[in-house]
Amino acid sequence: MVWLLCTLLLLVSLFLFYASYSIQAGVYLKAICRIKTTQRVVYLTFDDGPHPIQTPKILSILKAYNAKACFFCIGSKVVGNEALLKRIYDEGHLIGNHSFTHSGLFPLYSKSKMNTDLNCCDELLSRVIEKPIYLFRPPFGVTNPTIARIARDRGYQVIGWNIRTLDTQGGDISRILKRIKKRIQPGSVILLHDRLDNSDQILLKTLDFLQEQGYRFDNLPESAFRD
Ligand SMILES: [Zn+2]
């Protein structure tokens, strides 16, 4: 009996862990993790910027490849980098909220603390780009009932991914490309970061590979967003 109870507890814990850490699982909220299409189009997303050195490099590369992307910005990093944020927007990319603090404790925040954090980020972003912010990616892609409720209350369209490149884990770029090659399909949403020392090199290799495969790089279509 004790054995059965322990097994059950373990299974429930594993499920809750999976539910929180897999944005694709959609247990707590429905995020866009891929756009259904047969066209060779992919959607690049960059988290954790803007970064004063890497983000300008990323923007120049994107321009050279005629590629669009969505940048999920951390509010505290926008402070002092407002012109860079404006450049992202002016060059035709999408901008989303990735929280103000990106704290490891964010998923454990109370509803009011979470709202305050997200408000700070929304206000800062929308002041710079002069547009309301409605795209949201939770820090670390972690979801739970509080985050789901707040995302719904605030009218966010939550964006996940179906290709996590694990670019933040270091190692050589070939490992990242291998992950992309294995998982790529039309409409994929790819998670990258524009804060790493080699973010620009990762992007270049990724674009070269995907372009060879006939892919283009578009903005996430508004038609996929809920009203
Ligand atoms: Zn992040």
# chains A, B, ... in the order shown; residues from 1 in each chain; ligands from 1

call {"tool": "residues_around", "arguments": {"residues": "A:Tyr156", "least_positions_apart": "2", "cutoff": "7 Å", "atoms": "only C-alpha atoms", "output": "number ranges by chain"}}
result
A: 134-136, 151-152, 154, 158

call {"tool": "write_last_selection", "arguments": {"atoms": "N, CA, C and O atoms", "output": "mmCIF file, in the first residue's frame"}}
result
data_model
loop_
_atom_site.group_PDB
_atom_site.id
_atom_site.type_symbol
_atom_site.label_atom_id
_atom_site.label_comp_id
_atom_site.auth_asym_id
_atom_site.auth_seq_id
_atom_site.Cartn_x
_atom_site.Cartn_y
_atom_site.Cartn_z
ATOM 1 N N TYR A 134 0.883 43.004 -26.365
ATOM 2 C CA TYR A 134 -0.049 41.888 -26.130
ATOM 3 C C TYR A 134 0.607 40.521 -26.275
ATOM 4 O O TYR A 134 -0.015 39.494 -26.012
ATOM 5 N N LEU A 135 1.867 40.503 -26.713
ATOM 6 C CA LEU A 135 2.561 39.217 -26.810
ATOM 7 C C LEU A 135 3.345 38.980 -25.521
ATOM 8 O O LEU A 135 3.972 39.893 -24.991
ATOM 9 N N PHE A 136 3.302 37.779 -25.042
ATOM 10 C CA PHE A 136 3.933 37.462 -23.759
ATOM 11 C C PHE A 136 4.578 36.085 -23.818
ATOM 12 O O PHE A 136 4.002 35.141 -24.348
ATOM 13 N N ALA A 151 -2.320 35.822 -17.555
ATOM 14 C CA ALA A 151 -2.197 35.973 -19.016
ATOM 15 C C ALA A 151 -3.578 36.164 -19.632
ATOM 16 O O ALA A 151 -3.771 36.990 -20.528
ATOM 17 N N ARG A 152 -4.541 35.411 -19.114
ATOM 18 C CA ARG A 152 -5.916 35.522 -19.626
ATOM 19 C C ARG A 152 -6.505 36.886 -19.259
ATOM 20 O O ARG A 152 -7.037 37.593 -20.106
ATOM 21 N N ARG A 154 -5.033 39.644 -18.615
ATOM 22 C CA ARG A 154 -4.369 40.762 -19.273
ATOM 23 C C ARG A 154 -4.532 40.716 -20.796
ATOM 24 O O ARG A 154 -4.064 41.612 -21.501
ATOM 25 N N VAL A 158 0.034 34.287 -25.591
ATOM 26 C CA VAL A 158 1.272 33.667 -25.096
ATOM 27 C C VAL A 158 1.957 32.918 -26.247
ATOM 28 O O VAL A 158 1.310 32.198 -27.003
#

call {"tool": "closest_atom_pairs", "arguments": {"of": "chain A", "to": "ligand 1", "cutoff": "9 Å", "atoms": "only C-alpha atoms and all ligand atoms", "output": "JSON lines"}}
result
{"residue": "A:Phe46", "atom": "CA", "partner": "ligand 1", "partner_atom_place_in_ligand_line": "1 (Zn)", "distance": 8.8}
{"residue": "A:Asp47", "atom": "CA", "partner": "ligand 1", "partner_atom_place_in_ligand_line": "1 (Zn)", "distance": 5.2}
{"residue": "A:Asp48", "atom": "CA", "partner": "ligand 1", "partner_atom_place_in_ligand_line": "1 (Zn)", "distance": 4.8}
{"residue": "A:Gly49", "atom": "CA", "partner": "ligand 1", "partner_atom_place_in_ligand_line": "1 (Zn)", "distance": 8.6}
{"residue": "A:Phe72", "atom": "CA", "partner": "ligand 1", "partner_atom_place_in_ligand_line": "1 (Zn)", "distance": 7.9}
{"residue": "A:Cys73", "atom": "CA", "partner": "ligand 1", "partner_atom_place_in_ligand_line": "1 (Zn)", "distance": 8.3}
{"residue": "A:Ile74", "atom": "CA", "partner": "ligand 1", "partner_atom_place_in_ligand_line": "1 (Zn)", "distance": 7.8}
{"residue": "A:His98", "atom": "CA", "partner": "ligand 1", "partner_atom_place_in_ligand_line": "1 (Zn)", "distance": 6.6}
{"residue": "A:Ser99", "atom": "CA", "partner": "ligand 1", "partner_atom_place_in_ligand_line": "1 (Zn)", "distance": 8.6}
{"residue": "A:His102", "atom": "CA", "partner": "ligand 1", "partner_atom_place_in_ligand_line": "1 (Zn)", "distance": 6.5}
{"residue": "A:Arg137", "atom": "CA", "partner": "ligand 1", "partner_atom_place_in_ligand_line": "1 (Zn)", "distance": 8.2}
{"residue": "A:Pro138", "atom": "CA", "partner": "ligand 1", "partner_atom_place_in_ligand_line": "1 (Zn)", "distance": 7.5}
{"residue": "A:Pro139", "atom": "CA", "partner": "ligand 1", "partner_atom_place_in_ligand_line": "1 (Zn)", "distance": 4.7}
{"residue": "A:Phe140", "atom": "CA", "partner": "ligand 1", "partner_atom_place_in_ligand_line": "1 (Zn)", "distance": 5.0}
{"residue": "A:Gly141", "atom": "CA", "partner": "ligand 1", "partner_atom_place_in_ligand_line": "1 (Zn)", "distance": 7.4}
{"residue": "A:His193", "atom": "CA", "partner": "ligand 1", "partner_atom_place_in_ligand_line": "1 (Zn)", "distance": 7.9}

call {"tool": "write_last_selection", "arguments": {"atoms": "N, CA and C atoms", "output": "mmCIF file, in the first residue's frame"}}
result
data_model
loop_
_atom_site.group_PDB
_atom_site.id
_atom_site.type_symbol
_atom_site.label_atom_id
_atom_site.label_comp_id
_atom_site.auth_asym_id
_atom_site.auth_seq_id
_atom_site.Cartn_x
_atom_site.Cartn_y
_atom_site.Cartn_z
ATOM 1 N N PHE A 46 13.643 35.746 -30.009
ATOM 2 C CA PHE A 46 14.826 36.024 -29.184
ATOM 3 C C PHE A 46 14.372 36.461 -27.793
ATOM 4 N N ASP A 47 14.873 35.779 -26.788
ATOM 5 C CA ASP A 47 14.523 36.107 -25.409
ATOM 6 C C ASP A 47 15.666 36.830 -24.702
ATOM 7 N N ASP A 48 15.288 37.548 -23.665
ATOM 8 C CA ASP A 48 16.216 38.075 -22.645
ATOM 9 C C ASP A 48 16.982 39.330 -23.030
ATOM 10 N N GLY A 49 16.658 39.947 -24.159
ATOM 11 C CA GLY A 49 17.314 41.191 -24.513
ATOM 12 C C GLY A 49 16.493 42.359 -24.005
ATOM 13 N N PHE A 72 11.376 38.948 -27.215
ATOM 14 C CA PHE A 72 10.735 38.984 -25.901
ATOM 15 C C PHE A 72 11.706 39.636 -24.928
ATOM 16 N N CYS A 73 11.384 40.881 -24.610
ATOM 17 C CA CYS A 73 12.345 41.719 -23.876
ATOM 18 C C CYS A 73 12.097 41.701 -22.373
ATOM 19 N N ILE A 74 13.193 41.832 -21.640
ATOM 20 C CA ILE A 74 13.125 41.966 -20.186
ATOM 21 C C ILE A 74 13.101 43.460 -19.876
ATOM 22 N N HIS A 98 8.578 39.877 -21.585
ATOM 23 C CA HIS A 98 9.215 38.680 -21.006
ATOM 24 C C HIS A 98 9.465 38.928 -19.510
ATOM 25 N N SER A 99 8.617 39.772 -18.939
ATOM 26 C CA SER A 99 8.641 40.208 -17.529
ATOM 27 C C SER A 99 9.632 41.348 -17.330
ATOM 28 N N HIS A 102 12.519 39.104 -14.779
ATOM 29 C CA HIS A 102 12.973 37.765 -15.178
ATOM 30 C C HIS A 102 13.531 37.018 -13.967
ATOM 31 N N ARG A 137 5.793 36.037 -23.303
ATOM 32 C CA ARG A 137 6.425 34.729 -23.095
ATOM 33 C C ARG A 137 6.859 34.692 -21.630
ATOM 34 N N PRO A 138 6.329 33.753 -20.859
ATOM 35 C CA PRO A 138 6.710 33.703 -19.448
ATOM 36 C C PRO A 138 8.197 33.400 -19.283
ATOM 37 N N PRO A 139 8.841 34.010 -18.267
ATOM 38 C CA PRO A 139 10.252 33.708 -18.021
ATOM 39 C C PRO A 139 10.467 32.200 -17.914
ATOM 40 N N PHE A 140 11.485 31.725 -18.559
ATOM 41 C CA PHE A 140 11.868 30.296 -18.569
ATOM 42 C C PHE A 140 10.814 29.400 -19.235
ATOM 43 N N GLY A 141 9.794 30.013 -19.788
ATOM 44 C CA GLY A 141 8.720 29.216 -20.399
ATOM 45 C C GLY A 141 7.911 28.445 -19.373
ATOM 46 N N HIS A 193 18.356 33.271 -28.050
ATOM 47 C CA HIS A 193 18.593 34.370 -27.104
ATOM 48 C C HIS A 193 19.536 35.388 -27.738
#

call {"tool": "select_by_dssp", "arguments": {"residues": "stretch 24-68 of chain A", "states": "helix (DSSP H, G or I)", "output": "mmCIF file with all heavy atoms, in the first residue's frame"}}
result
data_model
loop_
_atom_site.group_PDB
_atom_site.id
_atom_site.type_symbol
_atom_site.label_atom_id
_atom_site.label_comp_id
_atom_site.auth_asym_id
_atom_site.auth_seq_id
_atom_site.Cartn_x
_atom_site.Cartn_y
_atom_site.Cartn_z
ATOM 1 N N GLN A 24 4.846 23.647 -24.318
ATOM 2 C CA GLN A 24 4.196 22.956 -25.435
ATOM 3 C C GLN A 24 3.077 22.030 -24.973
ATOM 4 O O GLN A 24 2.149 21.760 -25.730
ATOM 5 C CB GLN A 24 5.216 22.101 -26.192
ATOM 6 C CG GLN A 24 5.992 22.860 -27.242
ATOM 7 C CD GLN A 24 6.930 21.927 -27.985
ATOM 8 O OE1 GLN A 24 8.081 21.770 -27.624
ATOM 9 N NE2 GLN A 24 6.425 21.290 -29.012
ATOM 10 N N ALA A 25 3.200 21.546 -23.745
ATOM 11 C CA ALA A 25 2.203 20.597 -23.252
ATOM 12 C C ALA A 25 0.836 21.272 -23.144
ATOM 13 O O ALA A 25 -0.201 20.625 -23.299
ATOM 14 C CB ALA A 25 2.627 20.056 -21.890
ATOM 15 N N GLN A 54 24.993 42.561 -28.514
ATOM 16 C CA GLN A 54 24.509 41.501 -29.398
ATOM 17 C C GLN A 54 23.255 41.884 -30.200
ATOM 18 O O GLN A 54 23.130 41.528 -31.372
ATOM 19 C CB GLN A 54 24.233 40.228 -28.590
ATOM 20 C CG GLN A 54 25.480 39.412 -28.323
ATOM 21 C CD GLN A 54 26.092 38.833 -29.594
ATOM 22 O OE1 GLN A 54 25.389 38.475 -30.532
ATOM 23 N NE2 GLN A 54 27.420 38.759 -29.635
ATOM 24 N N THR A 55 22.328 42.586 -29.559
ATOM 25 C CA THR A 55 21.073 42.873 -30.278
ATOM 26 C C THR A 55 21.311 43.681 -31.572
ATOM 27 O O THR A 55 20.729 43.335 -32.607
ATOM 28 C CB THR A 55 20.048 43.558 -29.342
ATOM 29 O OG1 THR A 55 19.921 42.757 -28.161
ATOM 30 C CG2 THR A 55 18.686 43.675 -30.004
ATOM 31 N N PRO A 56 22.183 44.710 -31.559
ATOM 32 C CA PRO A 56 22.427 45.401 -32.836
ATOM 33 C C PRO A 56 23.010 44.472 -33.909
ATOM 34 O O PRO A 56 22.656 44.581 -35.088
ATOM 35 C CB PRO A 56 23.441 46.497 -32.459
ATOM 36 C CG PRO A 56 23.226 46.723 -30.994
ATOM 37 C CD PRO A 56 22.855 45.387 -30.436
ATOM 38 N N LYS A 57 23.878 43.546 -33.490
ATOM 39 C CA LYS A 57 24.444 42.594 -34.460
ATOM 40 C C LYS A 57 23.350 41.693 -35.030
ATOM 41 O O LYS A 57 23.289 41.439 -36.226
ATOM 42 C CB LYS A 57 25.504 41.709 -33.780
ATOM 43 C CG LYS A 57 26.782 42.421 -33.397
ATOM 44 C CD LYS A 57 27.754 41.401 -32.846
ATOM 45 C CE LYS A 57 29.018 42.058 -32.307
ATOM 46 N NZ LYS A 57 29.907 41.086 -31.667
ATOM 47 N N ILE A 58 22.489 41.229 -34.124
ATOM 48 C CA ILE A 58 21.372 40.356 -34.544
ATOM 49 C C ILE A 58 20.484 41.105 -35.554
ATOM 50 O O ILE A 58 20.087 40.560 -36.579
ATOM 51 C CB ILE A 58 20.514 39.962 -33.304
ATOM 52 C CG1 ILE A 58 21.337 39.130 -32.318
ATOM 53 C CG2 ILE A 58 19.220 39.273 -33.692
ATOM 54 C CD1 ILE A 58 21.666 37.743 -32.725
ATOM 55 N N LEU A 59 20.216 42.372 -35.254
ATOM 56 C CA LEU A 59 19.339 43.158 -36.135
ATOM 57 C C LEU A 59 19.961 43.324 -37.520
ATOM 58 O O LEU A 59 19.269 43.231 -38.538
ATOM 59 C CB LEU A 59 19.053 44.531 -35.508
ATOM 60 C CG LEU A 59 18.117 44.503 -34.298
ATOM 61 C CD1 LEU A 59 18.050 45.877 -33.641
ATOM 62 C CD2 LEU A 59 16.718 44.039 -34.691
ATOM 63 N N SER A 60 21.264 43.565 -37.560
ATOM 64 C CA SER A 60 21.931 43.738 -38.860
ATOM 65 C C SER A 60 21.897 42.440 -39.658
ATOM 66 O O SER A 60 21.675 42.454 -40.878
ATOM 67 C CB SER A 60 23.387 44.184 -38.661
ATOM 68 O OG SER A 60 23.394 45.423 -37.977
ATOM 69 N N ILE A 61 22.098 41.322 -38.975
ATOM 70 C CA ILE A 61 22.062 40.020 -39.668
ATOM 71 C C ILE A 61 20.647 39.753 -40.195
ATOM 72 O O ILE A 61 20.466 39.352 -41.347
ATOM 73 C CB ILE A 61 22.512 38.883 -38.725
ATOM 74 C CG1 ILE A 61 23.983 39.063 -38.349
ATOM 75 C CG2 ILE A 61 22.292 37.516 -39.369
ATOM 76 C CD1 ILE A 61 24.457 38.194 -37.195
ATOM 77 N N LEU A 62 19.664 40.000 -39.366
ATOM 78 C CA LEU A 62 18.281 39.766 -39.794
ATOM 79 C C LEU A 62 17.961 40.593 -41.034
ATOM 80 O O LEU A 62 17.340 40.113 -41.982
ATOM 81 C CB LEU A 62 17.298 40.105 -38.654
ATOM 82 C CG LEU A 62 17.303 39.157 -37.452
ATOM 83 C CD1 LEU A 62 16.425 39.713 -36.328
ATOM 84 C CD2 LEU A 62 16.829 37.755 -37.827
ATOM 85 N N LYS A 63 18.428 41.833 -41.016
ATOM 86 C CA LYS A 63 18.167 42.710 -42.170
ATOM 87 C C LYS A 63 18.827 42.140 -43.428
ATOM 88 O O LYS A 63 18.227 42.101 -44.500
ATOM 89 C CB LYS A 63 18.693 44.121 -41.881
ATOM 90 C CG LYS A 63 18.238 45.139 -42.911
ATOM 91 C CD LYS A 63 18.736 46.526 -42.585
ATOM 92 C CE LYS A 63 17.698 47.318 -41.823
ATOM 93 N NZ LYS A 63 18.136 48.680 -41.499
ATOM 94 N N ALA A 64 20.065 41.677 -43.288
ATOM 95 C CA ALA A 64 20.794 41.148 -44.440
ATOM 96 C C ALA A 64 20.105 39.912 -45.028
ATOM 97 O O ALA A 64 20.222 39.642 -46.222
ATOM 98 C CB ALA A 64 22.221 40.803 -44.026
#

call {"tool": "atom_distance", "arguments": {"atom1": "atom CA of A:Gly92", "atom2": "atom CA of A:Ser188"}}
result
19.7 Å

call {"tool": "closest_atom_pairs", "arguments": {"of": "stretch 45-137 of chain A", "to": "stretch 214-217 of chain A", "cutoff": "10 Å", "atoms": "only C-alpha atoms", "output": "tab-separated table"}}
result
residue	atom	partner	partner_atom	distance
A:Leu62	CA	A:Phe217	CA	9.0
A:Tyr65	CA	A:Phe217	CA	8.6
A:Asn66	CA	A:Phe217	CA	7.7
A:Ala67	CA	A:Phe217	CA	4.8
A:Lys68	CA	A:Phe217	CA	5.7
A:Ala69	CA	A:Phe217	CA	7.3

call {"tool": "write_last_selection", "arguments": {"atoms": "N, CA, C and O atoms", "output": "PDB file, in the first residue's frame"}}
result
ATOM      1  N   LEU A  62      19.664  40.000 -39.366  1.00  0.00           N
ATOM      2  CA  LEU A  62      18.281  39.766 -39.794  1.00  0.00           C
ATOM      3  C   LEU A  62      17.961  40.593 -41.034  1.00  0.00           C
ATOM      4  O   LEU A  62      17.340  40.113 -41.982  1.00  0.00           O
ATOM      5  N   TYR A  65      19.402  39.166 -44.194  1.00  0.00           N
ATOM      6  CA  TYR A  65      18.710  37.948 -44.660  1.00  0.00           C
ATOM      7  C   TYR A  65      17.229  38.213 -44.928  1.00  0.00           C
ATOM      8  O   TYR A  65      16.468  37.270 -45.160  1.00  0.00           O
ATOM      9  N   ASN A  66      16.840  39.470 -44.846  1.00  0.00           N
ATOM     10  CA  ASN A  66      15.440  39.822 -45.030  1.00  0.00           C
ATOM     11  C   ASN A  66      14.535  38.993 -44.102  1.00  0.00           C
ATOM     12  O   ASN A  66      13.517  38.450 -44.517  1.00  0.00           O
ATOM     13  N   ALA A  67      14.991  38.877 -42.870  1.00  0.00           N
ATOM     14  CA  ALA A  67      14.296  38.020 -41.901  1.00  0.00           C
ATOM     15  C   ALA A  67      13.636  38.865 -40.816  1.00  0.00           C
ATOM     16  O   ALA A  67      14.160  39.906 -40.420  1.00  0.00           O
ATOM     17  N   LYS A  68      12.491  38.377 -40.365  1.00  0.00           N
ATOM     18  CA  LYS A  68      11.804  39.026 -39.248  1.00  0.00           C
ATOM     19  C   LYS A  68      11.824  38.094 -38.043  1.00  0.00           C
ATOM     20  O   LYS A  68      11.955  36.875 -38.187  1.00  0.00           O
ATOM     21  N   ALA A  69      11.691  38.690 -36.850  1.00  0.00           N
ATOM     22  CA  ALA A  69      11.741  37.891 -35.624  1.00  0.00           C
ATOM     23  C   ALA A  69      10.886  38.560 -34.565  1.00  0.00           C
ATOM     24  O   ALA A  69      10.445  39.701 -34.733  1.00  0.00           O
TER      25      ALA A  69
END

call {"tool": "closest_residue", "arguments": {"among": "A:Gly155, A:Asp167, A:Pro145, A:Arg87", "to": "A:Leu203", "atoms": "only C-alpha atoms"}}
result
A:Asp167

call {"tool": "closest_residue", "arguments": {"among": "A:Asn144, A:Asn115, A:Gln39, A:Thr206", "to": "A:Ser174", "atoms": "only C-alpha atoms"}}
result
A:Thr206

call {"tool": "closest_residue", "arguments": {"among": "A:Glu222, A:Asp197, A:Ser20, A:Gly187", "to": "A:Arg40", "atoms": "only C-alpha atoms"}}
result
A:Gly187

call {"tool": "residues_around", "arguments": {"residues": "A:Lys131", "least_positions_apart": "6", "cutoff": "12 Å", "atoms": "only C-alpha atoms", "output": "PyMOL selection string"}}
result
chain A and resi 86+89-90+94-96+122-125

call {"tool": "select_by_dssp", "arguments": {"residues": "chain A", "states": "strand (DSSP E)", "output": "PyMOL selection string"}}
result
chain A and resi 41-49+69-73+94-97+135-136+157-158+163-164+189-193+216-217

call {"tool": "closest_residue", "arguments": {"among": "A:Ile147, A:Leu196, A:Val41, A:Leu204", "to": "A:Ile53", "atoms": "only C-alpha atoms"}}
result
A:Leu196

call {"tool": "residues_around", "arguments": {"residues": "A:Ile163", "least_positions_apart": "2", "cutoff": "7 Å", "atoms": "only C-alpha atoms", "output": "ChimeraX atom specification"}}
result
/A:161,165,180,183,188-191
